[in-house]
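The structure file structure.txt is reproduced below (compact mmCIF, N, CA and C atoms).
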# COMPACT_ATOMS: atom_id res chain seq x y z
N VAL A 1 0.86 -1.17 0.00
CA VAL A 1 0.00 0.00 0.00
C VAL A 1 0.90 1.23 0.00
N LEU A 2 0.69 2.10 -0.95
CA LEU A 2 1.48 3.33 -1.00
C LEU A 2 0.98 4.31 0.05
N GLY A 3 1.88 4.77 0.88
CA GLY A 3 1.51 5.72 1.93
C GLY A 3 0.54 5.11 2.92
N ASP A 4 -0.40 5.94 3.40
CA ASP A 4 -1.35 5.46 4.40
C ASP A 4 -2.55 4.73 3.79
N GLY A 5 -2.70 4.80 2.46
CA GLY A 5 -3.80 4.08 1.80
C GLY A 5 -5.16 4.71 2.00
N ARG A 6 -5.19 5.94 2.51
CA ARG A 6 -6.48 6.59 2.77
C ARG A 6 -7.00 7.34 1.54
N TYR A 7 -6.22 7.42 0.46
CA TYR A 7 -6.67 8.08 -0.77
C TYR A 7 -7.84 7.27 -1.32
N ARG A 8 -8.83 8.00 -1.81
CA ARG A 8 -10.06 7.33 -2.25
C ARG A 8 -10.07 7.09 -3.75
N LEU A 9 -10.68 5.97 -4.09
CA LEU A 9 -10.88 5.58 -5.48
C LEU A 9 -12.35 5.19 -5.65
N GLN A 10 -12.84 5.25 -6.88
CA GLN A 10 -14.23 4.90 -7.16
C GLN A 10 -14.28 3.76 -8.18
N PRO A 11 -14.08 2.53 -7.72
CA PRO A 11 -14.06 1.42 -8.67
C PRO A 11 -15.41 1.24 -9.37
N ILE A 12 -15.32 0.93 -10.66
CA ILE A 12 -16.51 0.66 -11.47
C ILE A 12 -16.23 -0.58 -12.30
N ALA A 13 -17.24 -1.41 -12.45
CA ALA A 13 -17.10 -2.63 -13.25
C ALA A 13 -16.87 -2.26 -14.71
N VAL A 14 -15.93 -2.95 -15.33
CA VAL A 14 -15.62 -2.68 -16.73
C VAL A 14 -16.85 -2.90 -17.61
N GLU A 15 -17.73 -3.82 -17.20
CA GLU A 15 -18.95 -4.07 -17.97
C GLU A 15 -19.85 -2.84 -17.98
N GLN A 16 -19.87 -2.09 -16.88
CA GLN A 16 -20.69 -0.88 -16.83
C GLN A 16 -20.10 0.21 -17.72
N VAL A 17 -18.78 0.32 -17.75
CA VAL A 17 -18.13 1.30 -18.61
C VAL A 17 -18.45 0.95 -20.07
N ALA A 18 -18.30 -0.33 -20.42
CA ALA A 18 -18.55 -0.76 -21.79
C ALA A 18 -20.01 -0.54 -22.18
N GLU A 19 -20.92 -0.86 -21.28
CA GLU A 19 -22.35 -0.66 -21.58
C GLU A 19 -22.66 0.81 -21.75
N GLY A 20 -22.11 1.66 -20.91
CA GLY A 20 -22.31 3.11 -21.05
C GLY A 20 -21.78 3.61 -22.38
N PHE A 21 -20.62 3.14 -22.78
CA PHE A 21 -20.02 3.53 -24.06
C PHE A 21 -20.92 3.09 -25.22
N ALA A 22 -21.39 1.85 -25.17
CA ALA A 22 -22.26 1.34 -26.24
C ALA A 22 -23.56 2.14 -26.31
N ARG A 23 -24.12 2.46 -25.17
CA ARG A 23 -25.37 3.24 -25.16
C ARG A 23 -25.12 4.66 -25.64
N ALA A 24 -23.96 5.21 -25.35
CA ALA A 24 -23.64 6.57 -25.80
C ALA A 24 -23.65 6.66 -27.32
N LEU A 25 -23.27 5.58 -27.97
CA LEU A 25 -23.27 5.56 -29.44
C LEU A 25 -24.68 5.61 -30.01
N ARG A 26 -25.67 5.19 -29.19
CA ARG A 26 -27.06 5.15 -29.66
C ARG A 26 -27.91 6.31 -29.14
N VAL A 27 -27.35 7.15 -28.27
CA VAL A 27 -28.12 8.25 -27.66
C VAL A 27 -27.62 9.57 -28.27
N PRO A 28 -28.40 10.15 -29.18
CA PRO A 28 -27.96 11.39 -29.83
C PRO A 28 -27.63 12.52 -28.85
N ALA A 29 -28.31 12.57 -27.72
CA ALA A 29 -28.06 13.64 -26.75
C ALA A 29 -26.66 13.57 -26.15
N SER A 30 -25.98 12.44 -26.31
CA SER A 30 -24.64 12.31 -25.74
C SER A 30 -23.55 12.85 -26.68
N ASP A 31 -23.92 13.20 -27.92
CA ASP A 31 -22.94 13.73 -28.87
C ASP A 31 -22.28 14.98 -28.32
N GLY A 32 -20.96 14.98 -28.30
CA GLY A 32 -20.21 16.14 -27.85
C GLY A 32 -20.17 16.34 -26.35
N ARG A 33 -20.75 15.44 -25.58
CA ARG A 33 -20.76 15.57 -24.12
C ARG A 33 -19.68 14.70 -23.50
N ALA A 34 -19.23 15.12 -22.36
CA ALA A 34 -18.28 14.33 -21.57
C ALA A 34 -18.98 13.91 -20.28
N TYR A 35 -18.74 12.70 -19.86
CA TYR A 35 -19.37 12.18 -18.65
C TYR A 35 -18.29 11.75 -17.66
N GLU A 36 -18.55 12.00 -16.40
CA GLU A 36 -17.68 11.53 -15.33
C GLU A 36 -18.06 10.07 -15.09
N VAL A 37 -17.15 9.16 -15.36
CA VAL A 37 -17.43 7.73 -15.23
C VAL A 37 -16.68 7.20 -14.02
N ALA A 38 -17.43 6.67 -13.07
CA ALA A 38 -16.84 6.14 -11.84
C ALA A 38 -17.89 5.30 -11.13
N GLY A 39 -17.42 4.56 -10.16
CA GLY A 39 -18.35 3.81 -9.33
C GLY A 39 -19.15 4.76 -8.45
N PRO A 40 -20.22 4.27 -7.85
CA PRO A 40 -21.11 5.13 -7.08
C PRO A 40 -20.56 5.59 -5.73
N VAL A 41 -19.52 4.90 -5.22
CA VAL A 41 -18.99 5.21 -3.89
C VAL A 41 -17.47 5.35 -3.96
N ALA A 42 -16.96 6.36 -3.27
CA ALA A 42 -15.51 6.54 -3.16
C ALA A 42 -15.04 5.82 -1.89
N TYR A 43 -14.13 4.87 -2.07
CA TYR A 43 -13.60 4.09 -0.96
C TYR A 43 -12.13 4.41 -0.74
N PRO A 44 -11.69 4.49 0.52
CA PRO A 44 -10.25 4.54 0.75
C PRO A 44 -9.62 3.24 0.23
N PHE A 45 -8.43 3.33 -0.34
CA PHE A 45 -7.78 2.17 -0.95
C PHE A 45 -7.69 1.00 0.02
N VAL A 46 -7.36 1.26 1.28
CA VAL A 46 -7.24 0.16 2.24
C VAL A 46 -8.57 -0.56 2.44
N GLU A 47 -9.68 0.15 2.31
CA GLU A 47 -11.00 -0.50 2.42
C GLU A 47 -11.29 -1.35 1.18
N ILE A 48 -10.84 -0.91 0.02
CA ILE A 48 -11.02 -1.72 -1.19
C ILE A 48 -10.31 -3.05 -1.01
N LEU A 49 -9.11 -3.03 -0.45
CA LEU A 49 -8.39 -4.28 -0.20
C LEU A 49 -9.17 -5.18 0.76
N ASP A 50 -9.81 -4.57 1.78
CA ASP A 50 -10.63 -5.36 2.71
C ASP A 50 -11.83 -5.98 2.01
N HIS A 51 -12.47 -5.24 1.10
CA HIS A 51 -13.61 -5.77 0.35
C HIS A 51 -13.17 -6.94 -0.54
N ILE A 52 -12.03 -6.80 -1.18
CA ILE A 52 -11.51 -7.88 -2.03
C ILE A 52 -11.22 -9.11 -1.16
N GLY A 53 -10.58 -8.89 -0.02
CA GLY A 53 -10.30 -10.00 0.88
C GLY A 53 -11.56 -10.70 1.34
N ALA A 54 -12.58 -9.93 1.70
CA ALA A 54 -13.85 -10.52 2.13
C ALA A 54 -14.48 -11.34 1.00
N ALA A 55 -14.43 -10.81 -0.22
CA ALA A 55 -14.99 -11.54 -1.37
C ALA A 55 -14.25 -12.85 -1.61
N LEU A 56 -12.98 -12.90 -1.21
CA LEU A 56 -12.18 -14.12 -1.35
C LEU A 56 -12.29 -15.02 -0.11
N GLY A 57 -13.11 -14.61 0.86
CA GLY A 57 -13.31 -15.41 2.05
C GLY A 57 -12.30 -15.18 3.15
N ARG A 58 -11.58 -14.09 3.09
CA ARG A 58 -10.57 -13.79 4.11
C ARG A 58 -11.16 -12.83 5.15
N ARG A 59 -11.03 -13.19 6.41
CA ARG A 59 -11.55 -12.31 7.47
C ARG A 59 -10.65 -11.11 7.68
N ARG A 60 -9.36 -11.30 7.48
CA ARG A 60 -8.41 -10.22 7.72
C ARG A 60 -7.44 -10.13 6.55
N VAL A 61 -7.19 -8.92 6.12
CA VAL A 61 -6.25 -8.70 5.03
C VAL A 61 -5.05 -7.97 5.59
N ARG A 62 -3.89 -8.59 5.48
CA ARG A 62 -2.66 -7.94 5.94
C ARG A 62 -2.19 -6.99 4.85
N LYS A 63 -1.71 -5.84 5.30
CA LYS A 63 -1.26 -4.82 4.36
C LYS A 63 0.12 -4.33 4.77
N ALA A 64 0.99 -4.18 3.78
CA ALA A 64 2.32 -3.61 4.01
C ALA A 64 2.30 -2.19 3.42
N HIS A 65 2.58 -1.21 4.25
CA HIS A 65 2.58 0.19 3.81
C HIS A 65 4.01 0.62 3.46
N VAL A 66 4.14 1.32 2.34
CA VAL A 66 5.42 1.83 1.89
C VAL A 66 5.32 3.35 1.91
N PRO A 67 6.20 4.04 2.62
CA PRO A 67 6.13 5.51 2.67
C PRO A 67 6.23 6.13 1.28
N LEU A 68 5.46 7.18 1.05
CA LEU A 68 5.43 7.81 -0.27
C LEU A 68 6.74 8.47 -0.66
N GLY A 69 7.48 9.01 0.28
CA GLY A 69 8.75 9.68 -0.04
C GLY A 69 9.71 8.79 -0.82
N PRO A 70 10.05 7.63 -0.29
CA PRO A 70 10.95 6.73 -1.03
C PRO A 70 10.34 6.24 -2.36
N VAL A 71 9.02 6.06 -2.39
CA VAL A 71 8.38 5.62 -3.64
C VAL A 71 8.50 6.72 -4.70
N ARG A 72 8.29 7.97 -4.29
CA ARG A 72 8.44 9.10 -5.24
C ARG A 72 9.86 9.15 -5.80
N ALA A 73 10.84 9.02 -4.92
CA ALA A 73 12.24 9.08 -5.36
C ALA A 73 12.56 7.92 -6.31
N ALA A 74 12.15 6.72 -5.95
CA ALA A 74 12.41 5.56 -6.81
C ALA A 74 11.69 5.70 -8.15
N THR A 75 10.49 6.24 -8.11
CA THR A 75 9.71 6.40 -9.34
C THR A 75 10.38 7.38 -10.29
N ARG A 76 10.90 8.48 -9.76
CA ARG A 76 11.61 9.44 -10.62
C ARG A 76 12.77 8.78 -11.34
N LEU A 77 13.47 7.88 -10.65
CA LEU A 77 14.63 7.21 -11.23
C LEU A 77 14.28 6.04 -12.15
N LEU A 78 13.23 5.31 -11.82
CA LEU A 78 12.99 4.02 -12.47
C LEU A 78 11.78 3.99 -13.42
N GLN A 79 10.97 5.02 -13.44
CA GLN A 79 9.73 4.93 -14.22
C GLN A 79 9.94 4.69 -15.71
N ALA A 80 11.08 5.04 -16.25
CA ALA A 80 11.34 4.82 -17.68
C ALA A 80 11.62 3.35 -18.01
N LEU A 81 11.90 2.56 -16.99
CA LEU A 81 12.19 1.14 -17.22
C LEU A 81 10.88 0.37 -17.43
N PRO A 82 10.85 -0.56 -18.36
CA PRO A 82 9.59 -1.23 -18.71
C PRO A 82 8.98 -2.06 -17.59
N PHE A 83 9.77 -2.53 -16.65
CA PHE A 83 9.24 -3.37 -15.57
C PHE A 83 8.71 -2.57 -14.38
N TYR A 84 9.02 -1.26 -14.33
CA TYR A 84 8.61 -0.48 -13.15
C TYR A 84 7.10 -0.25 -13.19
N PRO A 85 6.39 -0.56 -12.09
CA PRO A 85 4.92 -0.63 -12.15
C PRO A 85 4.14 0.67 -11.99
N ILE A 86 4.80 1.80 -11.78
CA ILE A 86 4.04 3.03 -11.53
C ILE A 86 4.80 4.22 -12.11
N SER A 87 4.05 5.26 -12.46
CA SER A 87 4.67 6.47 -13.00
C SER A 87 4.46 7.64 -12.04
N SER A 88 5.20 8.70 -12.24
CA SER A 88 5.02 9.91 -11.42
C SER A 88 3.60 10.45 -11.56
N ASP A 89 3.06 10.38 -12.77
CA ASP A 89 1.68 10.86 -12.99
C ASP A 89 0.68 10.04 -12.18
N GLN A 90 0.88 8.75 -12.12
CA GLN A 90 -0.04 7.90 -11.34
C GLN A 90 0.05 8.23 -9.85
N LEU A 91 1.24 8.50 -9.36
CA LEU A 91 1.39 8.90 -7.96
C LEU A 91 0.66 10.22 -7.70
N THR A 92 0.78 11.14 -8.63
CA THR A 92 0.11 12.44 -8.49
C THR A 92 -1.40 12.25 -8.41
N VAL A 93 -1.95 11.40 -9.27
CA VAL A 93 -3.39 11.14 -9.27
C VAL A 93 -3.82 10.58 -7.92
N LEU A 94 -3.05 9.66 -7.36
CA LEU A 94 -3.39 9.11 -6.04
C LEU A 94 -3.39 10.19 -4.97
N GLU A 95 -2.38 11.02 -5.00
CA GLU A 95 -2.25 12.05 -3.97
C GLU A 95 -3.32 13.13 -4.10
N GLU A 96 -3.76 13.43 -5.33
CA GLU A 96 -4.78 14.45 -5.53
C GLU A 96 -6.18 13.95 -5.21
N GLU A 97 -6.34 12.64 -5.10
CA GLU A 97 -7.63 12.03 -4.77
C GLU A 97 -8.76 12.58 -5.65
N ARG A 98 -8.75 12.17 -6.86
CA ARG A 98 -9.77 12.62 -7.82
C ARG A 98 -11.01 11.74 -7.69
N VAL A 99 -12.03 12.30 -7.06
CA VAL A 99 -13.31 11.62 -6.97
C VAL A 99 -14.35 12.49 -7.66
N THR A 100 -15.48 11.89 -8.03
CA THR A 100 -16.46 12.61 -8.82
C THR A 100 -17.86 12.16 -8.49
N ASP A 101 -18.83 12.86 -9.04
CA ASP A 101 -20.23 12.47 -8.94
C ASP A 101 -20.64 11.89 -10.29
N PRO A 102 -20.77 10.57 -10.38
CA PRO A 102 -21.08 9.94 -11.66
C PRO A 102 -22.58 9.87 -11.98
N ALA A 103 -23.42 10.58 -11.24
CA ALA A 103 -24.87 10.47 -11.40
C ALA A 103 -25.32 10.73 -12.84
N ALA A 104 -24.73 11.72 -13.51
CA ALA A 104 -25.15 12.04 -14.88
C ALA A 104 -24.85 10.88 -15.82
N PHE A 105 -23.75 10.18 -15.63
CA PHE A 105 -23.41 9.01 -16.44
C PHE A 105 -24.47 7.93 -16.30
N TYR A 106 -24.81 7.60 -15.06
CA TYR A 106 -25.80 6.55 -14.82
C TYR A 106 -27.18 6.96 -15.35
N ALA A 107 -27.55 8.21 -15.14
CA ALA A 107 -28.87 8.68 -15.58
C ALA A 107 -28.96 8.74 -17.10
N ALA A 108 -27.95 9.28 -17.76
CA ALA A 108 -28.00 9.46 -19.22
C ALA A 108 -28.14 8.13 -19.95
N PHE A 109 -27.54 7.08 -19.41
CA PHE A 109 -27.54 5.80 -20.11
C PHE A 109 -28.38 4.74 -19.41
N ARG A 110 -29.18 5.21 -18.44
CA ARG A 110 -30.12 4.35 -17.71
C ARG A 110 -29.43 3.11 -17.16
N LEU A 111 -28.33 3.35 -16.50
CA LEU A 111 -27.57 2.28 -15.85
C LEU A 111 -27.85 2.30 -14.36
N VAL A 112 -27.91 1.14 -13.77
CA VAL A 112 -28.09 1.03 -12.32
C VAL A 112 -26.71 0.88 -11.70
N PRO A 113 -26.31 1.81 -10.85
CA PRO A 113 -24.98 1.71 -10.23
C PRO A 113 -24.85 0.39 -9.47
N GLN A 114 -23.69 -0.22 -9.58
CA GLN A 114 -23.41 -1.46 -8.86
C GLN A 114 -22.39 -1.19 -7.77
N SER A 115 -22.62 -1.77 -6.62
CA SER A 115 -21.68 -1.59 -5.52
C SER A 115 -20.41 -2.39 -5.79
N LEU A 116 -19.37 -2.04 -5.08
CA LEU A 116 -18.11 -2.76 -5.18
C LEU A 116 -18.32 -4.23 -4.84
N ASP A 117 -19.09 -4.50 -3.79
CA ASP A 117 -19.31 -5.88 -3.38
C ASP A 117 -20.07 -6.68 -4.45
N GLN A 118 -21.06 -6.05 -5.10
CA GLN A 118 -21.77 -6.73 -6.19
C GLN A 118 -20.81 -7.09 -7.32
N GLY A 119 -19.98 -6.13 -7.70
CA GLY A 119 -19.03 -6.37 -8.77
C GLY A 119 -18.04 -7.46 -8.42
N LEU A 120 -17.56 -7.46 -7.19
CA LEU A 120 -16.60 -8.49 -6.76
C LEU A 120 -17.25 -9.87 -6.75
N ARG A 121 -18.50 -9.95 -6.26
CA ARG A 121 -19.20 -11.24 -6.26
C ARG A 121 -19.35 -11.78 -7.68
N ARG A 122 -19.75 -10.88 -8.59
CA ARG A 122 -19.93 -11.29 -9.98
C ARG A 122 -18.59 -11.72 -10.58
N MET A 123 -17.56 -10.94 -10.33
CA MET A 123 -16.25 -11.22 -10.90
C MET A 123 -15.67 -12.53 -10.39
N LEU A 124 -15.94 -12.85 -9.14
CA LEU A 124 -15.35 -14.04 -8.52
C LEU A 124 -16.30 -15.24 -8.48
N SER A 125 -17.45 -15.12 -9.15
CA SER A 125 -18.44 -16.22 -9.10
C SER A 125 -17.88 -17.44 -9.81
N PRO A 126 -18.23 -18.63 -9.30
CA PRO A 126 -17.77 -19.87 -9.94
C PRO A 126 -18.25 -19.94 -11.39
N GLY A 127 -17.40 -20.48 -12.24
CA GLY A 127 -17.77 -20.63 -13.64
C GLY A 127 -17.37 -19.45 -14.50
N ARG A 128 -17.03 -18.32 -13.88
CA ARG A 128 -16.59 -17.16 -14.65
C ARG A 128 -15.11 -17.32 -14.95
N PRO A 129 -14.69 -17.07 -16.18
CA PRO A 129 -13.25 -17.18 -16.49
C PRO A 129 -12.41 -16.32 -15.55
N GLY A 130 -11.37 -16.90 -15.01
CA GLY A 130 -10.48 -16.17 -14.11
C GLY A 130 -10.94 -16.22 -12.67
N ALA A 131 -12.14 -16.76 -12.39
CA ALA A 131 -12.63 -16.83 -11.02
C ALA A 131 -11.86 -17.91 -10.26
N ARG A 132 -11.75 -17.69 -8.97
CA ARG A 132 -11.06 -18.68 -8.13
C ARG A 132 -11.99 -19.79 -7.77

Mind converting the file's structure to structure tokens?
Amino acid sequence: VLGDGRYRLQPIAVEQVAEGFARALRVPASDGRAYEVAGPVAYPFVEILDHIGAALGRRRVRKAHVPLGPVRAATRLLQALPFYPISSDQLTVLEEERVTDPAAFYAAFRLVPQSLDQGLRRMLSPGRPGAR
């Protein structure tokens, strides 16, 4: 976990993004408009890890925190290497905590927001490719 892990993210199921995109192609009112696309709830990153752990049947999720200072320094030096997993821009996005109100996206394309737990259950359901 980078830093304290309290930065918030709004996970959304890729299926909802794809469905919204497909519907946008059929809704003339969406021409030239931009929509804020995100999940309905902003969660601190450490809570997202807890939700994933619970979906996998784990009561407790252990987390290792890495201070942001050393990560920033290493990222400046190593981000150009193909194996390095994060960029300076990605660190900036985490620190700025970009959250939004996606209500217009859901309303415009008549989508029902799905909770993180619903998405995780669907993603990890037996018989789904990649499910455990």

Can you tell me, as a PDB file with N, CA and C atoms, in the frame of the given file, which residues sit within 7 Å of (-6.0, 5.8, 3.9) in the file's frame, using only N, CA and C atoms?
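What ended up in selection.pdb:
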ATOM      1  N   GLY A   3       1.880   4.770   0.880  1.00  0.00           N
ATOM      2  CA  GLY A   3       1.510   5.720   1.930  1.00  0.00           C
ATOM      3  C   GLY A   3       0.540   5.110   2.920  1.00  0.00           C
ATOM      4  N   ASP A   4      -0.400   5.940   3.400  1.00  0.00           N
ATOM      5  CA  ASP A   4      -1.350   5.460   4.400  1.00  0.00           C
ATOM      6  C   ASP A   4      -2.550   4.730   3.790  1.00  0.00           C
ATOM      7  N   GLY A   5      -2.700   4.800   2.460  1.00  0.00           N
ATOM      8  CA  GLY A   5      -3.800   4.080   1.800  1.00  0.00           C
ATOM      9  C   GLY A   5      -5.160   4.710   2.000  1.00  0.00           C
ATOM     10  N   ARG A   6      -5.190   5.940   2.510  1.00  0.00           N
ATOM     11  CA  ARG A   6      -6.480   6.590   2.770  1.00  0.00           C
ATOM     12  C   ARG A   6      -7.000   7.340   1.540  1.00  0.00           C
ATOM     13  N   TYR A   7      -6.220   7.420   0.460  1.00  0.00           N
ATOM     14  CA  TYR A   7      -6.670   8.080  -0.770  1.00  0.00           C
ATOM     15  C   TYR A   7      -7.840   7.270  -1.320  1.00  0.00           C
ATOM     16  N   ARG A   8      -8.830   8.000  -1.810  1.00  0.00           N
ATOM     17  CA  ARG A   8     -10.060   7.330  -2.250  1.00  0.00           C
ATOM     18  C   ARG A   8     -10.070   7.090  -3.750  1.00  0.00           C
ATOM     19  N   PRO A  44     -11.690   4.490   0.520  1.00  0.00           N
ATOM     20  CA  PRO A  44     -10.250   4.540   0.750  1.00  0.00           C
ATOM     21  C   PRO A  44      -9.620   3.240   0.230  1.00  0.00           C
ATOM     22  N   PHE A  45      -8.430   3.330  -0.340  1.00  0.00           N
ATOM     23  CA  PHE A  45      -7.780   2.170  -0.950  1.00  0.00           C
ATOM     24  C   PHE A  45      -7.690   1.000   0.020  1.00  0.00           C
ATOM     25  N   VAL A  46      -7.360   1.260   1.280  1.00  0.00           N
ATOM     26  CA  VAL A  46      -7.240   0.160   2.240  1.00  0.00           C
ATOM     27  C   VAL A  46      -8.570  -0.560   2.440  1.00  0.00           C
ATOM     28  N   GLU A  47      -9.680   0.150   2.310  1.00  0.00           N
ATOM     29  CA  GLU A  47     -11.000  -0.500   2.420  1.00  0.00           C
ATOM     30  C   GLU A  47     -11.290  -1.350   1.180  1.00  0.00           C
TER      31      GLU A  47
END

Any idea what's packed within 7 Å of Val1 of chain A, counting only C-alpha atoms, ignoring anything in its chain fewer than 4 positions away? Could you give it as a short mmCIF file (atom, residue, chain, number, x, y, z; two decimals) with N, CA and C atoms, keeping the file's coordinate frame?
data_model
loop_
_atom_site.label_atom_id
_atom_site.label_comp_id
_atom_site.auth_asym_id
_atom_site.auth_seq_id
_atom_site.Cartn_x
_atom_site.Cartn_y
_atom_site.Cartn_z
N GLY A 5 -2.70 4.80 2.46
CA GLY A 5 -3.80 4.08 1.80
C GLY A 5 -5.16 4.71 2.00
N LYS A 63 -1.71 -5.84 5.30
CA LYS A 63 -1.26 -4.82 4.36
C LYS A 63 0.12 -4.33 4.77
N ALA A 64 0.99 -4.18 3.78
CA ALA A 64 2.32 -3.61 4.01
C ALA A 64 2.30 -2.19 3.42
N HIS A 65 2.58 -1.21 4.25
CA HIS A 65 2.58 0.19 3.81
C HIS A 65 4.01 0.62 3.46
N VAL A 66 4.14 1.32 2.34
CA VAL A 66 5.42 1.83 1.89
C VAL A 66 5.32 3.35 1.91
#

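The closest residue to Ala103 of chain A, picked from A:Gly39, A:Ala24, A:Ser30, A:Ala18 and counting all atoms listed in the file, is A:Gly39.
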
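Taking atom CA of Ile12 of chain A and atom CA of Val37 of chain A as endpoints, the distance between them is 8.1 Å.
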
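Rounded to one decimal, atom C of Gln118 of chain A and atom N of Leu56 of chain A lie 11.5 Å from each other.
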
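Remark: for Leu2 of chain A, the closest of the candidate residues A:Val99, A:Met123, A:Val71, A:Leu116 is A:Val71 (distances computed over only C-alpha atoms).
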
Smallest atom-to-atom distance to Ala38 of chain A: which of A:Gly57, A:Gly119, A:Pro11, A:Pro82, using all atoms listed in the file? A:Pro11

Can you tell me, as an MDAnalysis selection string, which residues in segment 7-103 of chain A count as helix (DSSP H, G or I) by DSSP? chainID A and resid 14:26 28:30 45:55 68:78 88:96 103

Quick one: of A:Ala108, A:Ser115, A:Ala55, A:Leu68, who's nearest to Glu95 of chain A, counting only C-alpha atoms? A:Leu68

Between atom N of Leu78 of chain A and atom CA of Leu9 of chain A, what distance in Å does the model show, to one decimal? 24.9 Å

All residues 7 Å or closer to segment 112-114 of chain A, all atoms listed in the file, same chain fewer than 6 positions away omitted, as a ChimeraX atom specification: /A:13,39-40,106

Between A:Tyr43, A:Phe21, A:Phe105, A:Tyr35, which residue has the minimum interatomic distance to Asp117 of chain A, considering only C-alpha atoms? A:Tyr43

From a backbone DSSP assignment, name each residue in chain A labelled strand (DSSP E or B), as a ChimeraX atom specification. /A:2,8-9,43-44,66

As lines of an AutoDock Vina configuration file, what would the box around segment 29-39 of chain A look like: edges along x, y and z, 8 Å added on every side, centre and edge lengths in Å to one decimal?
center_x = -22.5
center_y = 10.1
center_z = -18.7
size_x = 27.6
size_y = 28.5
size_z = 36.4

N, CA, C and O atoms restored at segment 81-94 of chain A, emitted as an mmCIF file, keeping the file's coordinate frame:
data_model
loop_
_atom_site.group_PDB
_atom_site.id
_atom_site.type_symbol
_atom_site.label_atom_id
_atom_site.label_comp_id
_atom_site.auth_asym_id
_atom_site.auth_seq_id
_atom_site.Cartn_x
_atom_site.Cartn_y
_atom_site.Cartn_z
ATOM 1 N N LEU A 81 11.900 2.560 -16.990
ATOM 2 C CA LEU A 81 12.190 1.140 -17.220
ATOM 3 C C LEU A 81 10.880 0.370 -17.430
ATOM 4 O O LEU A 81 9.890 0.606 -16.732
ATOM 5 N N PRO A 82 10.850 -0.560 -18.360
ATOM 6 C CA PRO A 82 9.590 -1.230 -18.710
ATOM 7 C C PRO A 82 8.980 -2.060 -17.590
ATOM 8 O O PRO A 82 7.764 -2.250 -17.556
ATOM 9 N N PHE A 83 9.770 -2.530 -16.650
ATOM 10 C CA PHE A 83 9.240 -3.370 -15.570
ATOM 11 C C PHE A 83 8.710 -2.570 -14.380
ATOM 12 O O PHE A 83 8.034 -3.119 -13.521
ATOM 13 N N TYR A 84 9.020 -1.260 -14.330
ATOM 14 C CA TYR A 84 8.610 -0.480 -13.150
ATOM 15 C C TYR A 84 7.100 -0.250 -13.190
ATOM 16 O O TYR A 84 6.568 0.223 -14.185
ATOM 17 N N PRO A 85 6.390 -0.560 -12.090
ATOM 18 C CA PRO A 85 4.920 -0.630 -12.150
ATOM 19 C C PRO A 85 4.140 0.670 -11.990
ATOM 20 O O PRO A 85 2.912 0.647 -12.072
ATOM 21 N N ILE A 86 4.800 1.800 -11.780
ATOM 22 C CA ILE A 86 4.040 3.030 -11.530
ATOM 23 C C ILE A 86 4.800 4.220 -12.110
ATOM 24 O O ILE A 86 6.023 4.200 -12.219
ATOM 25 N N SER A 87 4.050 5.260 -12.460
ATOM 26 C CA SER A 87 4.670 6.470 -13.000
ATOM 27 C C SER A 87 4.460 7.640 -12.040
ATOM 28 O O SER A 87 3.605 7.579 -11.150
ATOM 29 N N SER A 88 5.200 8.700 -12.240
ATOM 30 C CA SER A 88 5.020 9.910 -11.420
ATOM 31 C C SER A 88 3.600 10.450 -11.560
ATOM 32 O O SER A 88 3.011 10.922 -10.585
ATOM 33 N N ASP A 89 3.060 10.380 -12.770
ATOM 34 C CA ASP A 89 1.680 10.860 -12.990
ATOM 35 C C ASP A 89 0.680 10.040 -12.180
ATOM 36 O O ASP A 89 -0.264 10.589 -11.617
ATOM 37 N N GLN A 90 0.880 8.750 -12.120
ATOM 38 C CA GLN A 90 -0.040 7.900 -11.340
ATOM 39 C C GLN A 90 0.050 8.230 -9.850
ATOM 40 O O GLN A 90 -0.967 8.246 -9.156
ATOM 41 N N LEU A 91 1.240 8.500 -9.360
ATOM 42 C CA LEU A 91 1.390 8.900 -7.960
ATOM 43 C C LEU A 91 0.660 10.220 -7.700
ATOM 44 O O LEU A 91 -0.002 10.382 -6.675
ATOM 45 N N THR A 92 0.780 11.140 -8.630
ATOM 46 C CA THR A 92 0.110 12.440 -8.490
ATOM 47 C C THR A 92 -1.400 12.250 -8.410
ATOM 48 O O THR A 92 -2.075 12.861 -7.575
ATOM 49 N N VAL A 93 -1.950 11.400 -9.270
ATOM 50 C CA VAL A 93 -3.390 11.140 -9.270
ATOM 51 C C VAL A 93 -3.820 10.580 -7.920
ATOM 52 O O VAL A 93 -4.844 10.999 -7.359
ATOM 53 N N LEU A 94 -3.050 9.660 -7.360
ATOM 54 C CA LEU A 94 -3.390 9.110 -6.040
ATOM 55 C C LEU A 94 -3.390 10.190 -4.970
ATOM 56 O O LEU A 94 -4.299 10.271 -4.148
#
